[in-house]
$ cat start_14.txt   # compact mmCIF, C-alpha atoms
# COMPACT_ATOMS: atom_id res chain seq x y z
CA MET A 191 82.56 49.59 54.59
CA GLU A 192 85.61 50.72 56.53
CA GLU A 193 87.11 53.85 54.97
CA ILE A 194 90.74 53.80 53.92
CA SER A 195 92.73 57.01 54.27
CA ASP A 196 93.67 59.15 51.29
CA ARG A 197 97.35 58.55 52.05
CA GLU A 198 96.97 54.80 51.93
CA ILE A 199 94.99 54.92 48.68
CA LEU A 200 97.60 57.15 47.05
CA ASP A 201 100.52 54.99 48.22
CA ARG A 202 98.87 51.84 46.92
CA PHE A 203 97.94 53.58 43.66
CA ALA A 204 101.57 54.67 43.15
CA ASN A 205 102.63 51.03 43.22
CA VAL A 206 101.98 49.43 39.83
CA LYS A 207 101.21 46.07 41.43
CA THR A 208 98.50 47.44 43.72
CA ARG A 209 97.26 50.29 41.52
CA ASN A 210 94.07 48.68 40.26
CA ASP A 211 93.13 47.39 43.72
CA ALA A 212 93.67 50.83 45.22
CA PHE A 213 91.45 52.43 42.62
CA ASN A 214 88.80 49.80 43.19
CA VAL A 215 88.80 50.75 46.86
CA LEU A 216 88.49 54.42 45.95
CA VAL A 217 85.52 53.72 43.68
CA ARG A 218 83.72 51.66 46.34
CA GLN A 219 84.42 54.27 48.96
CA TYR A 220 83.03 57.27 47.09
CA GLN A 221 80.70 55.99 44.39
CA GLN A 222 77.44 56.47 46.27
CA ARG A 223 78.08 59.98 47.53
CA LEU A 224 79.19 61.10 44.09
CA TYR A 225 76.34 59.31 42.35
CA TRP A 226 73.65 61.04 44.40
CA HIS A 227 75.28 64.41 43.95
CA ILE A 228 75.22 63.86 40.17
CA ARG A 229 71.76 62.34 40.12
CA LYS A 230 70.22 65.31 41.89
CA MET A 231 71.59 67.52 39.12
CA VAL A 232 70.73 65.49 36.05
CA LEU A 233 67.76 63.56 37.51
CA ASP A 234 67.94 60.63 35.07
CA HIS A 235 69.69 57.43 36.28
CA ASP A 236 71.33 56.53 32.94
CA ASP A 237 72.74 60.04 32.57
CA ALA A 238 74.00 59.97 36.16
CA ASP A 239 75.62 56.59 35.49
CA ASP A 240 77.46 57.95 32.42
CA ILE A 241 78.67 60.99 34.28
CA LEU A 242 79.81 58.95 37.27
CA GLN A 243 81.79 56.64 35.01
CA ASN A 244 83.42 59.59 33.25
CA THR A 245 84.27 61.10 36.63
CA PHE A 246 86.12 58.01 37.79
CA ILE A 247 87.89 57.48 34.45
CA LYS A 248 89.17 61.05 34.57
CA ALA A 249 90.20 60.55 38.18
CA PHE A 250 92.13 57.39 37.27
CA LYS A 251 94.05 59.24 34.56
CA ALA A 252 94.82 62.22 36.79
CA LEU A 253 95.41 60.59 40.18
CA ASP A 254 99.18 60.35 39.64
CA ASN A 255 99.27 64.14 39.44
CA PHE A 256 96.95 64.74 42.40
CA ARG A 257 98.65 67.41 44.49
CA GLU A 258 96.96 66.57 47.82
CA ASP A 259 95.99 70.21 48.37
CA SER A 260 92.50 68.92 49.22
CA LYS A 261 90.92 65.64 50.23
CA ILE A 262 90.46 63.10 47.45
CA TYR A 263 86.70 63.25 47.96
CA THR A 264 86.64 67.04 47.46
CA TRP A 265 88.70 66.60 44.30
CA LEU A 266 86.33 63.92 43.00
CA TYR A 267 83.34 66.04 43.90
CA LYS A 268 84.84 68.89 41.86
CA ILE A 269 85.37 66.65 38.83
CA SER A 270 81.82 65.31 39.00
CA THR A 271 80.40 68.84 39.39
CA ASN A 272 82.22 69.99 36.27
CA GLU A 273 81.04 66.92 34.40
CA CYS A 274 77.44 67.72 35.38
CA ILE A 275 77.70 71.32 34.17
CA THR A 276 79.29 70.19 30.91
CA PHE A 277 76.59 67.57 30.43
CA LEU A 278 73.75 70.04 30.99
CA ASN A 279 75.33 72.60 28.66
CA ASN A 280 75.86 69.98 25.95
CA LYS A 281 72.29 68.78 26.34
CA LYS A 282 71.11 72.31 25.71
CA LYS A 283 73.36 72.71 22.63
CA ARG A 284 72.59 69.28 21.22
CA PHE A 285 68.89 69.88 20.97
CA PHE A 286 69.17 73.56 20.05
CA VAL A 287 66.73 74.46 22.79
CA PRO A 288 67.04 77.16 25.42
CA MET A 289 67.62 76.02 28.97
CA VAL A 290 64.01 76.66 29.92
CA ASP A 291 62.85 73.94 27.53
CA VAL A 292 65.50 71.54 28.79
CA GLU A 293 64.22 72.11 32.31
CA TYR A 294 60.69 71.42 31.11
CA GLN A 295 61.89 68.20 29.49
CA LEU A 296 63.68 67.09 32.65
CA SER A 297 60.57 67.86 34.66
CA GLN A 298 58.36 65.90 32.27
CA ASN A 299 60.79 62.94 32.28
CA LEU A 300 60.66 62.89 36.06
CA GLU A 301 56.92 62.30 36.05
CA THR A 302 57.36 59.08 34.08
CA ASP A 303 60.70 58.02 35.56
CA THR A 304 60.66 54.47 37.02
CA TYR A 305 63.47 55.41 39.38
CA PHE A 306 61.69 58.39 40.94
CA ASN A 307 59.79 57.44 44.07
CA GLY A 308 58.90 60.90 45.33
CA ASP A 309 55.43 61.97 46.32
CA ARG A 310 53.58 65.04 45.02
CA ILE A 311 55.42 67.38 47.34
CA GLN A 312 58.83 66.05 46.39
CA MET A 313 57.89 66.32 42.72
CA LYS A 314 56.97 69.98 43.34
CA LEU A 315 60.34 70.57 45.00
CA GLN A 316 62.25 69.02 42.08
CA GLN A 317 60.27 71.11 39.61
CA ALA A 318 61.03 74.22 41.66
CA LEU A 319 64.72 73.34 41.69
CA LEU A 320 64.71 73.01 37.92
CA THR A 321 63.72 76.67 37.62
CA LEU A 322 67.03 77.69 39.25
CA PRO A 323 70.19 78.36 37.23
CA ASP A 324 72.50 75.31 37.27
CA LYS A 325 75.06 76.75 39.66
CA GLN A 326 72.42 77.98 42.06
CA ARG A 327 70.79 74.56 41.98
CA LEU A 328 74.19 73.05 42.71
CA VAL A 329 74.67 75.30 45.73
CA PHE A 330 71.19 74.48 47.00
CA ASN A 331 71.71 70.72 46.60
CA MET A 332 75.09 70.80 48.33
CA LYS A 333 73.77 72.87 51.21
CA TYR A 334 70.29 71.48 51.71
CA PHE A 335 70.62 67.83 50.70
CA ASP A 336 74.34 67.08 51.15
CA ASP A 337 74.63 69.30 54.21
CA LEU A 338 78.04 70.64 53.26
CA LYS A 339 79.51 73.68 55.01
CA TYR A 340 79.79 76.87 52.98
CA GLU A 341 83.58 76.62 53.23
CA GLU A 342 83.50 73.17 51.65
CA ILE A 343 81.20 74.36 48.86
CA SER A 344 83.49 77.34 48.34
CA GLU A 345 86.46 75.03 47.84
CA ILE A 346 84.56 72.92 45.32
CA LEU A 347 83.00 75.70 43.26
CA GLY A 348 85.69 78.33 43.68
CA THR A 349 83.07 80.87 44.81
CA SER A 350 83.33 83.01 47.95
CA VAL A 351 81.41 82.03 51.07
CA GLY A 352 79.50 85.33 51.00
CA ALA A 353 78.35 84.80 47.42
CA LEU A 354 77.31 81.24 48.26
CA LYS A 355 75.22 82.36 51.22
CA ALA A 356 73.49 84.96 49.07
CA SER A 357 72.92 82.43 46.29
CA TYR A 358 71.49 79.89 48.70
CA HIS A 359 69.06 82.29 50.34
CA HIS A 360 67.88 83.53 46.94
CA ALA A 361 67.33 79.92 45.90
CA VAL A 362 65.19 79.29 48.97
CA LYS A 363 63.12 82.42 48.21
CA LYS A 364 62.59 81.37 44.58
CA ILE A 365 61.51 77.88 45.64
CA GLU A 366 59.03 79.34 48.10
CA GLU A 367 57.60 81.62 45.38
CA PHE A 368 57.31 78.71 42.95
CA ILE A 369 55.51 76.52 45.47
CA LYS A 370 53.02 79.29 46.26
CA GLN A 371 52.13 79.69 42.58
CA ILE A 372 51.28 76.02 42.05
CA MET B 149 75.07 65.59 61.02
CA LYS B 150 73.26 68.90 60.91
CA HIS B 151 75.41 72.03 60.62
CA ASP B 152 74.46 75.23 62.42
CA ASP B 153 73.98 77.16 59.20
CA SER B 154 71.71 74.58 57.58
CA PRO B 155 68.12 75.69 57.19
CA ASP B 156 65.11 73.98 58.66
CA ASN B 157 62.78 72.19 56.32
CA LEU B 158 61.41 74.18 53.43
CA PRO B 159 57.77 75.28 53.62
CA ASP B 160 54.89 72.98 52.76
CA GLY B 161 56.35 69.98 54.57
CA MET B 162 59.26 69.51 52.25
CA ASN B 163 62.17 67.51 53.62
CA ARG B 164 65.53 66.15 52.71
CA GLU B 165 64.31 62.67 51.93
CA ASN B 166 65.82 61.25 48.74
CA PRO B 167 63.03 60.63 46.17
CA PHE B 168 65.34 58.89 43.69
CA ARG B 169 66.32 55.24 43.52
CA VAL B 170 68.74 53.06 41.55
CA PRO B 171 68.39 49.68 39.83
CA ASP B 172 68.98 46.72 42.16
CA GLY B 173 72.66 45.84 42.59
CA TYR B 174 73.81 48.96 40.76
CA PHE B 175 76.48 49.93 43.28
CA ASP B 176 77.72 46.32 43.54
CA ARG B 177 78.29 46.13 39.80
CA PHE B 178 79.60 49.66 39.27
CA PRO B 179 83.25 49.12 40.44
CA LEU B 180 83.57 46.19 38.03
CA LYS B 181 82.21 48.34 35.19
CA ILE B 182 84.86 50.94 35.92
CA ALA B 183 87.63 48.30 36.07
CA GLU B 184 86.53 46.99 32.67
CA ARG B 185 86.51 50.47 31.15
CA ILE B 186 89.99 51.20 32.47
CA ALA B 187 91.25 47.92 30.99
CA GLU B 188 89.63 48.80 27.64
CA GLU B 189 91.20 52.26 27.62
CA ASN B 190 94.66 50.82 28.36
CA GLN B 191 94.20 48.24 25.61
CA SER B 192 93.16 50.81 23.00
CA LYS B 193 96.16 53.00 23.91
CA VAL B 194 98.53 50.11 23.11
CA ILE B 195 96.80 49.36 19.79
CA ARG B 196 96.79 53.02 18.76
CA PHE B 197 100.53 53.46 19.24
CA ALA B 198 101.83 50.04 18.14
CA PRO B 199 101.28 50.44 14.36
CA LEU B 200 103.27 53.67 14.44
CA LEU B 201 106.24 52.20 16.25
CA LYS B 202 107.18 49.32 13.88
CA PRO B 203 107.44 51.13 10.54
CA ALA B 204 108.86 54.34 12.10
CA PRO B 205 112.51 53.41 11.51
CA LEU B 206 111.74 52.28 7.94
CA LEU B 207 109.85 55.48 7.23
CA ALA B 208 112.74 57.54 8.58
CA ILE B 209 115.24 55.75 6.32
CA ALA B 210 112.98 56.11 3.28
CA ALA B 211 112.46 59.82 3.96
CA THR B 212 116.22 60.36 4.28
CA LEU B 213 116.95 58.59 1.00
CA VAL B 214 114.31 60.57 -0.86
CA THR B 215 115.69 63.83 0.53
CA ILE B 216 119.24 62.91 -0.52
CA ALA B 217 118.02 61.95 -4.00
CA VAL B 218 116.15 65.21 -4.50
CA VAL B 219 119.03 67.36 -3.25
CA SER B 220 121.55 65.47 -5.40
CA TYR B 221 119.39 65.90 -8.47
CA LYS B 222 119.18 69.61 -7.88
CA ILE B 223 122.94 69.95 -7.39
CA PHE B 224 124.20 67.74 -10.19
CA ASN B 225 121.55 68.47 -12.79
CA LYS B 226 121.90 72.20 -13.09
CA PRO B 227 121.31 72.93 -16.74
CA THR B 228 124.45 74.07 -18.61
CA ASP B 229 122.68 75.49 -21.56
CA VAL B 230 121.34 78.44 -19.71
CA PHE B 231 122.84 81.85 -20.11
CA GLU B 232 121.98 84.20 -17.33
CA GLN B 233 120.90 87.60 -18.58
CA ASP B 234 123.73 89.15 -16.58
CA GLU B 235 126.30 87.03 -18.44
CA ILE B 236 125.19 88.38 -21.83
CA SER B 237 124.91 91.92 -20.54
CA ASN B 238 128.40 91.78 -19.02
CA TYR B 239 129.88 90.44 -22.28
CA VAL B 240 128.19 93.13 -24.34
CA TYR B 241 129.47 95.81 -21.94
CA GLN B 242 132.99 94.49 -21.57
CA GLU B 243 133.49 94.08 -25.33
CA GLY B 244 132.53 97.69 -25.90
CA ILE B 245 129.47 96.70 -27.84
CA ILE B 246 127.39 98.79 -25.47
CA ASP B 247 128.97 102.00 -26.85
CA GLU B 248 127.73 101.18 -30.30
CA LEU B 249 124.14 100.69 -29.20
CA SER B 250 121.62 103.45 -29.46
CA ASP B 251 119.56 104.39 -26.43
CA GLU B 252 116.53 102.92 -28.11
CA GLU B 253 118.25 99.59 -28.69
CA ILE B 254 119.47 99.46 -25.11
CA LEU B 255 115.98 100.20 -23.81
CA ASP B 256 114.43 97.58 -26.06
CA TYR B 257 116.95 95.01 -24.84
CA SER B 258 116.43 96.06 -21.24
CA ASP B 259 112.64 95.59 -21.50
CA PHE B 260 113.15 92.20 -23.07
CA ALA B 261 115.78 91.11 -20.46
CA ASN B 262 113.57 92.05 -17.51
CA ALA B 263 110.79 89.79 -18.77
CA ASP B 264 112.97 86.73 -18.40
CA SER B 265 116.44 86.79 -16.85
CA THR B 266 117.62 83.44 -18.24
CA PHE B 267 117.94 82.36 -21.83
CA HIS B 268 117.77 78.77 -22.88
CA LYS B 269 119.73 77.90 -26.01
CA SER B 270 117.28 75.15 -26.75
CA LYS B 271 114.33 77.51 -26.67
CA SER B 272 113.37 78.57 -30.14
CA ASP B 273 111.23 81.47 -29.14
CA SER B 274 110.97 85.05 -30.20
CA GLU B 275 113.13 86.37 -27.31
CA THR B 276 116.11 84.23 -28.27
CA THR B 277 115.67 85.10 -31.94
CA HIS B 278 115.60 88.79 -31.04
CA ILE B 279 119.00 88.58 -29.32
CA GLN B 280 120.51 86.47 -32.03
CA ASN B 281 119.37 88.95 -34.66
CA TYR B 282 120.82 91.82 -32.69
CA LEU B 283 124.17 90.13 -32.29
CA LEU B 284 124.25 89.24 -35.98
CA ASP B 285 123.45 92.83 -36.91
CA GLU B 286 126.43 93.91 -34.86
CA ASP B 287 128.69 91.28 -36.40
CA VAL B 288 129.11 89.50 -33.08
CA ASP B 289 129.72 85.82 -33.48
CA ILE B 290 127.58 83.99 -30.94
CA ASN B 291 130.16 81.23 -30.70
CA ASP B 292 132.66 83.78 -29.42
CA ILE B 293 130.25 84.57 -26.61
CA ILE B 294 129.81 80.92 -25.75
CA ASN B 295 133.56 80.35 -25.74
CA GLU B 296 134.11 83.34 -23.48
CA MET B 297 131.59 82.07 -20.88
$ encode --input "start_14.txt" --output "structure tokens"
Amino acid sequence: MEEISDREILDRFANVKTRNDAFNVLVRQYQQRLYWHIRKMVLDHDDADDILQNTFIKAFKALDNFREDSKIYTWLYKISTNECITFLNNKKKRFFVPMVDVEYQLSQNLETDTYFNGDRIQMKLQQALLTLPDKQRLVFNMKYFDDLKYEEISEILGTSVGALKASYHHAVKKIEEFIKQI
Amino acid sequence: MKHDDSPDNLPDGMNRENPFRVPDGYFDRFPLKIAERIAEENQSKVIRFAPLLKPAPLLAIAATLVTIAVVSYKIFNKPTDVFEQDEISNYVYQEGIIDELSDEEILDYSDFANADSTFHKSKSDSETTHIQNYLLDEDVDINDIINEM
């Protein structure tokens, strides 16, 4: 699919007659990247679907006020990241369980998930990732899987590049330790 | 595209391959799902506000009329059969009756007056009787007081 520039999307969105079409283009353009970012955090497809929908609904309501101080994709990525964090925190509160148990649940669900095609090694990696704090897991996913630059991650999370580098390298160490223990 | 600061594969042969998948046609259907949700949200916004708009002018008129009625009642229905405590005290003082009262009588009256600063003629209670008895003892015609006020 040929990408349309942010400027063109915003101009079309500003026009009442072309607003819905413009937003449709935006959804088609970014849905997959955002979905996979969310899915890697929450693991379950249905949860990822809910969060992705909420992300785009929020974006639709706020796009008129978008200040263009970043790319639209960065802005959307930020919204979806916040939605993921909120979702995971609410999941923990809803079931009155500490985060460790929620991680265990997510890990258990993965083993029976129809939409998880990973082999034993990939399962081990996902279980290792679940032992990381949410934000550290986010940093790891963005760096390792999404291949974002530290400066891009810094803009999304509002954390300094130095702190992100430290967080990432600690995450790698923890994953290595976890793998060795299994 | 690999960035310079990206790490090599993790140990034990781990790689960046995506182990997750989605239901068939998910991404084809998703934009339509979003369009439907946006249409629903716009629809519910209209329904939520519409019931408030129509009766708003009627409610405003009704509220104004009620306010006017209450205020008018308060202004034009002030009871006339109420003697303020100050009115009686002033009369007693101005007519020189105060000079003929003992300290004990003044104090008794003062205690009684502080308990309730208005006296209703229609009230047949002990406070009213107390004043009437006092005035009678002093040969003060209560009708004179009423006429003076």
$ interface_residues --input "start_14.txt" --of "chain B" --to "chain A" --cutoff "6 Å" --atoms "all atoms listed in the file" --output "list in words"
Arg164, Pro167, Phe168 and Arg169 of chain B
$ axis_aligned_box --input "start_14.txt" --around "region 232-247 of chain A" --padding-each-side "4 Å" --output "AutoDock Vina command-line options"
--center_x 77.8 --center_y 61.0 --center_z 35.1 --size_x 28.1 --size_y 17.0 --size_z 13.4
$ closest_residue --input "start_14.txt" --among "A:Glu345, A:Glu293, A:Asp201, A:Glu301" --to "Asp324 (chain A)" --atoms "all atoms listed in the file"
A:Glu293
$ atom_distance --input "start_14.txt" --atom1 "CA of Leu328 (chain A)" --atom2 "CA of Leu347 (chain A)"
9.2 Å
$ atom_distance --input "start_14.txt" --atom1 "CA of Arg177 (chain B)" --atom2 "CA of Cys274 (chain A)"
22.1 Å
$ closest_residue --input "start_14.txt" --among "A:Glu273, A:Asp254, A:Asp259, A:Glu198" --to "Ile241 (chain A)" --atoms "only C-alpha atoms"
A:Glu273
$ atom_distance --input "start_14.txt" --atom1 "CA of Ser297 (chain A)" --atom2 "CA of Leu278 (chain A)"
13.9 Å
$ residues_around --input "start_14.txt" --residues "Ala353 (chain A)" --least-positions-apart "5" --cutoff "12 Å" --atoms "all atoms listed in the file" --output "ChimeraX atom specification"
/A:325-326,329,340-341,343-344,347-348,358-360
$ write_last_selection --input "start_14.txt" --atoms "C-alpha atoms" --output "JSON list (two decimals), in the frame of the given file"
[["chain", "number", "residue", "atom", "x", "y", "z"],
["A", 325, "LYS", "CA", 75.06, 76.75, 39.66],
["A", 326, "GLN", "CA", 72.42, 77.98, 42.06],
["A", 329, "VAL", "CA", 74.67, 75.30, 45.73],
["A", 340, "TYR", "CA", 79.79, 76.87, 52.98],
["A", 341, "GLU", "CA", 83.58, 76.62, 53.23],
["A", 343, "ILE", "CA", 81.20, 74.36, 48.86],
["A", 344, "SER", "CA", 83.49, 77.34, 48.34],
["A", 347, "LEU", "CA", 83.00, 75.70, 43.26],
["A", 348, "GLY", "CA", 85.69, 78.33, 43.68],
["A", 358, "TYR", "CA", 71.49, 79.89, 48.70],
["A", 359, "HIS", "CA", 69.06, 82.29, 50.34],
["A", 360, "HIS", "CA", 67.88, 83.53, 46.94]]
$ closest_residue --input "start_14.txt" --among "A:Ala361, A:Ala356, A:Leu296, A:Ile346" --to "Pro323 (chain A)" --atoms "all atoms listed in the file"
A:Ala361
